[in-house]
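Let me begin by presenting the structure, written as structure tokens, before commenting on it.
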Amino acid sequence: MKRGKFAPVLIFALLLSGCSAFGFEEPTALGTPAGAKSTGDFEPVLSSSFDEPWSTDVTRQEMIETALFKLFADLDQIKDSNCQVKPVLYLGEPLLEEHHPLLEQIAFGMVSSFCDYLSEDIPVVAGSYEFLKQVMASEGLEGDEFGGNCGFDLVQDWASACAVYGVAWTGISLGTVRDGVSFVEERRLTIAAHELFHIVHDQINPQADPGTGSCLTYGCAGPVWFYEGAGEFFGRAMTQYLGLQNYATFVPTDRNGLYLDGDYLSDLDFLTPRRNKAGGVENYYSGQIAMEYMLANNGLIAVLAIWERMDEGVPFPAAFESEMGISLEDFYSKFKVLHSRLYDEAGYCNEGLGCEEWIKSDQTQDWYSGQNSQDNPDPSLDNERLLSNECLSVSAIWWAQCTELELGIPESPENSDHGYPLDYNMIAKIESCDEMELIGFDLRGWAVTFEARELSGASQANVSTQYYAALRYLDTNQDGVLCSPQVPD
Ligand SMILES: [Zn+2]
């Protein structure tokens, strides 16, 4: 995408008038912008339903309102308006001038709210992905091999945002101007806060930053529902705390627009390897509700302490149990009961749009240790498939060093222009080629190198050394290509 040379004039750190370079003050509150309505009408109200810990006999409204009550009370205690850590804003097209103050308010509000947990200034970039790359280059910020911060070569689609390498990028403009009045689409405000929250937890537990951190497993980063659920919950709750708009809820659908089976969405353990019936959004949806449940029970400080424990080297399940006062397993069963009921009562599957029935696979893994779970009917299977946690945690070139030597997977990875994320823990470890849709739509196989693709004749396969390495057990004839309909194994 060609963008001329607007960058040098538009790249700037916003200095607010009257502030010294070091003591940034918060912008004055703006009030709710036009168009920033939300589906919810939630107030921070404590419900007695949570007097009994982890009660499943609560309504969604009671849960959200209690979570907001405890969050806001905790934030009022820890908030620091004179925070020494600052957001550094870079604002480019297509973010509208009219919305600059909104982004400032979100960025400064987030930083002062979580000041106690922050140690480094946060670059906040709003605009196109090209603009982000220009900012990263001109500021000398560390980024991915493509010069961005998403970890793959994103083609701008105006609906993306990434928070990696300590940089929060929101590619989503905050809204439009209609008849001279700025309108904001509510989702966009929450996305800016969502990305900023990722920077907050990455500063608490830096090993889990997918760009600069060393962590490659759920044990040290937490599962996807946990960190993306946090992004969703705090993204929405913080816009309410900052006086911009009310907390909002959403319900995912699959790519046909159908609602999803409630049992599937209620199974956080199963959702852990980035399950993909709704394009991956199910971890965001279920994770948001799981966060509401955690906050309503234990408040903010205990939830943030989970990242602190992981930073000390405690694996996620133990960190969760020590701060939440319930084992991860028991939490998963409580959540299943609670969410199944709430989803049933809401009646999504009874409506015309329906729900396709979901039947759980009986092969699940112990995602946090990389070991098979004890009740697995065939323990040898998963041990052979998953790469060892010990190796993943020490090797930056896991595809070459953690896989079987005889496969000869090269150290320099090769990738065609497929756009899928390359971290080991982002790749769904599918059980057969029939499940390729869990990774993406209409995939025609993966080849380990361009040469292997050429030699095998699987011309429609994507090339990815990382995908091949993660899924190598599916290449039963070891021709360097797996799941190609053109050259089946
Ligand atoms: Zn996120």
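In the structure tokens, each chain is lettered A, B, ... as it comes, each chain's residues begin at 1, and ligands are numbered from 1 in order of appearance.
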Hey, which residues sit close to ligand 1? Say within 7 Å, counting only C-alpha atoms and all ligand atoms, and write them as a VMD selection string.
chain A and resid 162 194 to 195 198 228 231
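With only C-alpha atoms as the basis for measurement, A:Asp417 is the residue among A:Glu435, A:Asp417, A:Asp479, A:Glu345 that approaches A:Phe152 most closely.
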Near-A:Tyr247 list (12 Å; only C-alpha atoms; drop same-chain fewer than 6 positions) as a ChimeraX atom specification
/A:36-44,61,64-65,67-68,186-187,189-190,232-241,288,292
If you run DSSP over the backbone, which residues in stretch 152-226 of chain A end up alpha helix (DSSP H)? Put them as a ChimeraX atom specification.
/A:186-204,218-221,224-226
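Nearest to A:Gly440 of all the residues A:Tyr117, A:Tyr420, A:Tyr90, A:Trp358 is A:Tyr420, counting only C-alpha atoms.
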